[in-house]
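Containing mmCIF, C-alpha atoms: final.cif.
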data_my_file
loop_
_atom_site.label_atom_id
_atom_site.label_comp_id
_atom_site.auth_asym_id
_atom_site.auth_seq_id
_atom_site.Cartn_x
_atom_site.Cartn_y
_atom_site.Cartn_z
CA MET A 1 0.00 0.00 0.00
CA ALA A 2 1.42 3.38 -0.97
CA ILE A 3 2.21 5.81 1.79
CA VAL A 4 0.87 9.27 1.09
CA THR A 5 3.34 11.99 2.04
CA SER A 6 1.72 14.99 0.40
CA SER A 7 2.20 17.14 3.47
CA THR A 8 5.98 16.70 3.58
CA ASN A 9 8.03 19.79 2.80
CA GLN A 10 11.00 19.44 0.46
CA ILE A 11 12.72 22.81 0.59
CA SER A 12 16.34 22.68 -0.53
CA PRO A 13 18.88 23.94 2.05
CA ALA A 14 20.18 26.44 -0.53
CA ASN A 15 16.72 27.94 -1.10
CA GLU A 16 16.09 28.07 2.63
CA ARG A 17 19.32 29.97 3.26
CA LEU A 18 18.68 32.35 0.37
CA TYR A 19 14.91 32.90 0.53
CA HIS A 20 13.70 31.45 3.86
CA GLN A 21 10.91 29.66 1.99
CA SER A 22 9.76 27.83 5.13
CA ALA A 23 8.43 31.21 6.35
CA LEU A 24 5.78 30.99 3.61
CA VAL A 25 4.35 27.72 4.93
CA GLY A 26 1.28 28.16 7.11
CA ASP A 27 -2.22 29.63 7.29
CA TRP A 28 -2.58 33.32 6.37
CA LYS A 29 -5.67 35.51 6.78
CA GLY A 30 -6.43 39.15 6.11
CA ASN A 31 -8.45 41.62 4.05
CA TRP A 32 -8.36 43.21 0.63
CA VAL A 33 -7.26 46.83 0.58
CA GLY A 34 -10.20 49.04 -0.34
CA ASN A 35 -13.28 46.85 0.14
CA ASN A 36 -11.97 45.15 3.33
CA GLN A 37 -13.33 41.78 2.20
CA PRO A 38 -11.77 38.80 4.02
CA VAL A 39 -9.28 36.65 2.14
CA GLY A 40 -7.15 33.67 3.11
CA PHE A 41 -4.15 31.84 1.70
CA LYS A 42 -2.72 28.61 3.05
CA VAL A 43 0.62 27.12 2.02
CA VAL A 44 0.36 23.43 2.94
CA ASN A 45 3.84 22.50 1.77
CA ILE A 46 6.63 23.44 -0.61
CA ARG A 47 8.23 20.76 -2.76
CA GLY A 48 10.96 22.23 -4.94
CA ALA A 49 9.39 24.71 -7.36
CA ARG A 50 5.81 23.71 -6.47
CA ALA A 51 3.66 24.54 -3.47
CA GLN A 52 0.39 22.96 -2.42
CA VAL A 53 -1.93 25.85 -1.58
CA GLU A 54 -5.48 26.83 -0.64
CA TYR A 55 -6.91 30.22 -1.65
CA THR A 56 -10.09 31.30 0.16
CA HIS A 57 -12.15 34.25 -1.11
CA ASN A 58 -15.82 35.17 -1.45
CA GLY A 59 -16.78 32.29 0.81
CA HIS A 60 -15.18 29.47 -1.18
CA THR A 61 -11.78 27.80 -1.34
CA GLU A 62 -9.67 26.92 -4.35
CA ARG A 63 -7.03 24.22 -3.90
CA GLY A 64 -4.16 23.30 -6.16
CA PHE A 65 -0.47 23.60 -6.91
CA ALA A 66 1.31 26.94 -7.24
CA GLU A 67 4.68 27.98 -8.65
CA VAL A 68 7.48 28.90 -6.26
CA LYS A 69 10.11 31.42 -7.35
CA GLY A 70 12.46 32.60 -4.64
CA THR A 71 10.41 34.45 -2.02
CA LEU A 72 7.20 34.47 -4.09
CA ILE A 73 4.39 31.98 -4.74
CA THR A 74 2.13 32.39 -7.79
CA PHE A 75 -1.27 30.68 -8.01
CA GLY A 76 -3.20 31.71 -11.11
CA GLY A 77 -3.59 35.48 -10.93
CA ILE A 78 -2.48 35.55 -7.30
CA THR A 79 1.08 36.28 -6.15
CA VAL A 80 2.06 36.24 -2.47
CA GLY A 81 5.24 36.96 -0.55
CA THR A 82 6.49 37.62 2.96
CA LYS A 83 9.61 39.31 4.29
CA ASP A 84 9.31 38.58 7.99
CA GLY A 85 7.28 35.35 8.12
CA LYS A 86 4.50 37.16 9.99
CA ASN A 87 2.94 39.47 7.40
CA MET A 88 2.11 38.57 3.80
CA VAL A 89 1.31 40.79 0.84
CA MET A 90 -1.06 39.38 -1.78
CA LEU A 91 -1.34 40.81 -5.27
CA PHE A 92 -4.24 39.86 -7.52
CA SER A 93 -3.87 40.77 -11.18
CA PHE A 94 -7.02 40.42 -13.29
CA GLY A 95 -5.90 40.90 -16.88
CA GLY A 96 -5.87 44.47 -18.08
CA ALA A 97 -8.59 45.49 -15.63
CA GLY A 98 -6.16 46.32 -12.85
CA LYS A 99 -4.66 44.98 -9.68
CA GLN A 100 -5.82 44.48 -6.14
CA THR A 101 -3.73 44.01 -3.00
CA ALA A 102 -4.39 42.43 0.37
CA ASN A 103 -2.49 42.35 3.67
CA LEU A 104 -2.50 39.05 5.53
CA GLU A 105 -1.13 37.84 8.86
CA LYS A 106 0.12 34.35 9.66
CA GLN A 107 -2.23 32.50 11.98
CA ALA A 108 -0.90 30.67 15.02
CA PRO A 109 -1.03 26.90 14.55
CA PRO A 110 -3.74 25.07 16.51
CA ALA A 111 -2.70 24.21 20.02
CA SER A 112 -3.40 20.57 19.25
CA ASP A 113 -0.40 20.49 16.92
CA SER A 114 2.10 20.78 19.75
CA ARG A 115 0.08 18.60 22.09
CA LEU A 116 -0.07 15.68 19.66
CA MET A 117 3.52 15.81 18.42
CA GLY A 118 5.84 13.11 19.75
CA SER A 119 5.90 9.43 20.66
CA TRP A 120 3.17 7.81 22.73
CA GLY A 121 2.87 4.36 24.25
CA GLY A 122 1.02 2.39 26.86
CA TYR A 123 -0.55 -0.85 28.07
CA SER A 124 -4.08 -1.72 29.15
CA SER A 125 -4.41 -4.22 31.98
CA ALA A 126 -8.13 -4.39 31.21
CA ASN A 127 -7.69 -6.02 27.80
CA GLY A 128 -4.00 -6.97 27.79
CA LYS A 129 -3.31 -4.79 24.77
CA SER A 130 -0.39 -2.44 24.19
CA ALA A 131 -0.04 0.28 21.58
CA SER A 132 2.36 2.97 20.44
CA PHE A 133 1.63 5.99 18.29
CA LYS A 134 4.28 8.29 16.82
CA VAL A 135 3.24 11.68 15.44
CA LEU A 136 6.12 12.70 13.18
CA SER A 137 4.65 15.95 11.89
CA VAL A 138 1.39 17.89 11.89
CA ASN A 139 0.50 20.20 9.01
CA GLY A 140 -3.00 21.62 9.14
CA LYS A 141 -5.45 18.72 8.88
CA GLU A 142 -2.80 16.14 7.99
CA ALA A 143 -0.32 14.30 10.21
CA GLU A 144 2.47 11.89 9.35
CA VAL A 145 2.15 9.00 11.78
CA SER A 146 3.54 5.58 12.68
CA VAL A 147 1.21 3.28 14.62
CA THR A 148 1.95 -0.08 16.26
CA THR A 149 -0.92 -2.26 17.49
CA ASP A 150 -0.86 -6.03 18.07
CA GLY A 151 2.77 -6.09 16.93
CA VAL A 152 2.02 -4.62 13.50
CA THR A 153 3.40 -1.21 12.51
CA ARG A 154 1.68 0.97 9.92
CA LYS A 155 2.87 4.33 8.59
CA GLY A 156 1.08 6.99 6.59
CA THR A 157 -0.98 10.15 6.69
CA GLY A 158 -3.64 10.64 9.35
CA TYR A 159 -6.46 13.17 9.63
CA VAL A 160 -6.32 15.79 12.39
CA TYR A 161 -9.45 17.09 14.09
CA LYS A 162 -8.89 19.27 17.17
CA ASN A 163 -7.06 17.05 19.69
CA VAL A 164 -7.59 13.78 17.78
CA ILE A 165 -5.66 12.10 14.97
CA MET A 166 -7.45 9.39 12.98
CA PHE A 167 -5.46 6.91 10.92
CA GLY A 168 -7.25 3.94 9.38
CA GLN A 169 -8.94 1.97 12.16
CA THR A 170 -6.88 3.73 14.86
CA GLN A 171 -7.14 7.07 16.60
CA ILE A 172 -5.25 8.88 19.34
CA ALA A 173 -6.62 11.66 21.54
CA THR A 174 -5.09 13.82 24.27
CA ASP A 175 -6.39 16.69 26.37
CA ASP A 176 -3.23 17.79 28.18
CA GLY A 177 -0.45 16.76 25.80
CA GLN A 178 0.98 14.24 28.27
CA ASN A 179 -1.73 11.62 28.76
CA GLY A 180 -4.06 10.23 26.13
CA LYS A 181 -5.71 7.16 24.74
CA VAL A 182 -5.36 5.06 21.62
CA ILE A 183 -8.50 3.38 20.32
CA TYR A 184 -8.20 0.83 17.54
CA GLN A 185 -10.56 -1.59 15.88
CA VAL A 186 -9.96 -5.20 14.90
CA GLY A 187 -12.91 -6.62 13.01
CA THR A 188 -15.98 -5.68 14.99
CA LYS A 189 -14.12 -5.21 18.29
CA SER A 190 -12.63 -1.97 19.59
CA PHE A 191 -9.78 -1.73 22.09
CA MET A 192 -8.75 1.25 24.21
CA VAL A 193 -5.19 1.63 25.50
CA PRO A 194 -4.20 4.51 27.83
CA VAL A 195 -0.94 6.09 26.63
CA THR A 196 1.57 8.65 27.85
CA LYS A 197 4.00 10.78 25.89
CA TYR A 198 7.61 9.64 25.97
CA PRO A 199 10.47 12.08 26.63
CA PRO A 200 12.09 13.56 23.49
CA ALA A 201 14.30 11.11 21.60
CA ASP A 202 17.36 13.29 22.13
CA SER A 203 17.31 12.54 25.85
CA SER A 204 20.27 10.28 26.66
CA SER A 205 18.16 8.13 28.97
CA SER A 206 15.20 7.69 26.65
CA VAL A 207 14.35 4.27 25.25
CA ASP A 208 12.27 3.67 22.13
CA ARG A 209 9.67 1.33 23.61
CA THR A 210 7.48 0.35 20.71
CA ALA A 211 4.70 -2.11 21.43
#

Starting from the file, give its structure as structure tokens.
Amino acid sequence: MAIVTSSTNQISPANERLYHQSALVGDWKGNWVGNNQPVGFKVVNIRGARAQVEYTHNGHTERGFAEVKGTLITFGGITVGTKDGKNMVMLFSFGGAGKQTANLEKQAPPASDSRLMGSWGGYSSANGKSASFKVLSVNGKEAEVSVTTDGVTRKGTGYVYKNVIMFGQTQIATDDGQNGKVIYQVGTKSFMVPVTKYPPADSSSSVDRTA
């Protein structure tokens, strides 16, 4: 089964040093200059000269791939750029009719991103099951995960909703970022395993305890 990694960034070190392209990645919101209508632009990822983006205006969202050139991203008639990683200027050119600009600000990532990141594991004395769940990265509504249940490890892209990540027949949820629960289904039966977050892998005393 193919592993979907559409949310993985592939920004070359040279481009990052020169243009700081990673500053473009994220969710941006603001208003058009003049009519003050709300507008949004989301850079999901950058892979070489292409970026996966979402452009929200007039109540609907357009999704697709945009062209990356240095510090700028072009999506149809839209061009965006940022100098400080906090404020973005959007330029909309509509043929010979003129141009329109908008000022956007980068939105803080959902708190659940930081709470879910990391390695989780635990054991349930109630059902004798153990489970581990690694959240490698969170990008908007997608998360790269590695899940081990009943001795089988699966990797791929999960779906993020608030403080829950769903991946196939498995989901992990946490309220405080330290304690959580993994629920997974086998056939018609569901199993719940309480889990805790492991210390960061760079700790000299940490042990990778996969189930």

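Proximity of A:Gly26, A:Gly118, A:Gly48, A:Pro194 to Thr82 (chain A), computed with all atoms listed in the file, is greatest for A:Gly26.
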
Contact check, region 105-207 of chain A to region 29-34 of chain A, at most 12 Å, counting only C-alpha atoms, closest pairs as a Markdown table:
| residue | atom | partner | partner_atom | distance |
| --- | --- | --- | --- | --- |
| A:Glu105 | CA | A:Lys29 | CA | 5.5 |
| A:Lys106 | CA | A:Lys29 | CA | 6.6 |
| A:Gln107 | CA | A:Lys29 | CA | 6.9 |
| A:Ala108 | CA | A:Lys29 | CA | 10.7 |

Create the file for the chosen residues now, containing C-alpha atoms and written as a compact mmCIF listing (two decimals), in the coordinates of the input.
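Below is the file that was written, selection-v9.txt:
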# COMPACT_ATOMS: atom_id res chain seq x y z
CA GLU A 105 -1.13 37.84 8.86
CA LYS A 106 0.12 34.35 9.66
CA GLN A 107 -2.23 32.50 11.98
CA ALA A 108 -0.90 30.67 15.02

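Pairwise distance (CA of Ser93 (chain A), CA of Gly70 (chain A)) equals 19.4 Å.
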
- Message: If the PyMOL selection byres ((chain A and resi 160-171) around 7) were run on this exact file, what residues would it hold? Put them as a count of residues only.
- Response: 15

- Residue among A:Gly187, A:Pro199, A:Gly77, A:Pro38 lying closest to Asn58 (chain A), counting all atoms listed in the file: A:Pro38

- Task: Name the residues that the PyMOL selection byres ((chain A and resi 130) around 12) picks from the file above, as a PyMOL selection string, using the file's chain letters and numbers.
- Result: chain A and resi 120-129+131-133+147-152+181-184+191-196+209-211

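Note that CA of Gln52 (chain A) and CA of Lys134 (chain A) are 24.5 Å apart.
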
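Residue nearest Ser137 (chain A) within the list A:Ser119, A:Thr79, A:Ser22, A:Asn36: A:Ser119 [criterion: smallest interatomic distance, all atoms listed in the file].
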
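For the pair CA of Gly180 (chain A) and CA of Arg115 (chain A), the separation is 10.2 Å.
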
- Task: Counting only C-alpha atoms, figure out which residue out of A:Thr74, A:Asn179, A:Gln100, A:Thr56 gets nearest to Asp27 (chain A).
- Result: A:Thr56

- Query: Near Phe92 (chain A), counting only C-alpha atoms, which residues have an atom at most 9 Å away, once you skip same-chain residues fewer than 4 positions from it, shown as a list in words?
  - Reply: Gly76, Gly77, Ile78, Thr79, Val80, Gly98, Lys99, Gln100, Thr101 and Ala102 of chain A

Residues just named, written with C-alpha atoms as a compact mmCIF listing (two decimals), in the coordinates of the input:
# COMPACT_ATOMS: atom_id res chain seq x y z
CA GLY A 76 -3.20 31.71 -11.11
CA GLY A 77 -3.59 35.48 -10.93
CA ILE A 78 -2.48 35.55 -7.30
CA THR A 79 1.08 36.28 -6.15
CA VAL A 80 2.06 36.24 -2.47
CA GLY A 98 -6.16 46.32 -12.85
CA LYS A 99 -4.66 44.98 -9.68
CA GLN A 100 -5.82 44.48 -6.14
CA THR A 101 -3.73 44.01 -3.00
CA ALA A 102 -4.39 42.43 0.37

- Just the residues within 12 Å of Gly59 (chain A), please, counting only C-alpha atoms, with nothing from its chain fewer than 3 positions along; format it as number ranges by chain. A: 37-40, 55-56, 62

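Proximity to Thr71 (chain A) was assessed for A:Val89, A:Asn35, A:Tyr19, A:Ala49 counting only C-alpha atoms; the smallest distance is recorded for A:Tyr19.
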
- Task: May I have the residues within 8 Å of Phe75 (chain A) as JSON, numbers by chain, using only C-alpha atoms and disregarding those fewer than 4 positions away in the same chain?
- Result: {"A": [65, 66, 67, 79]}
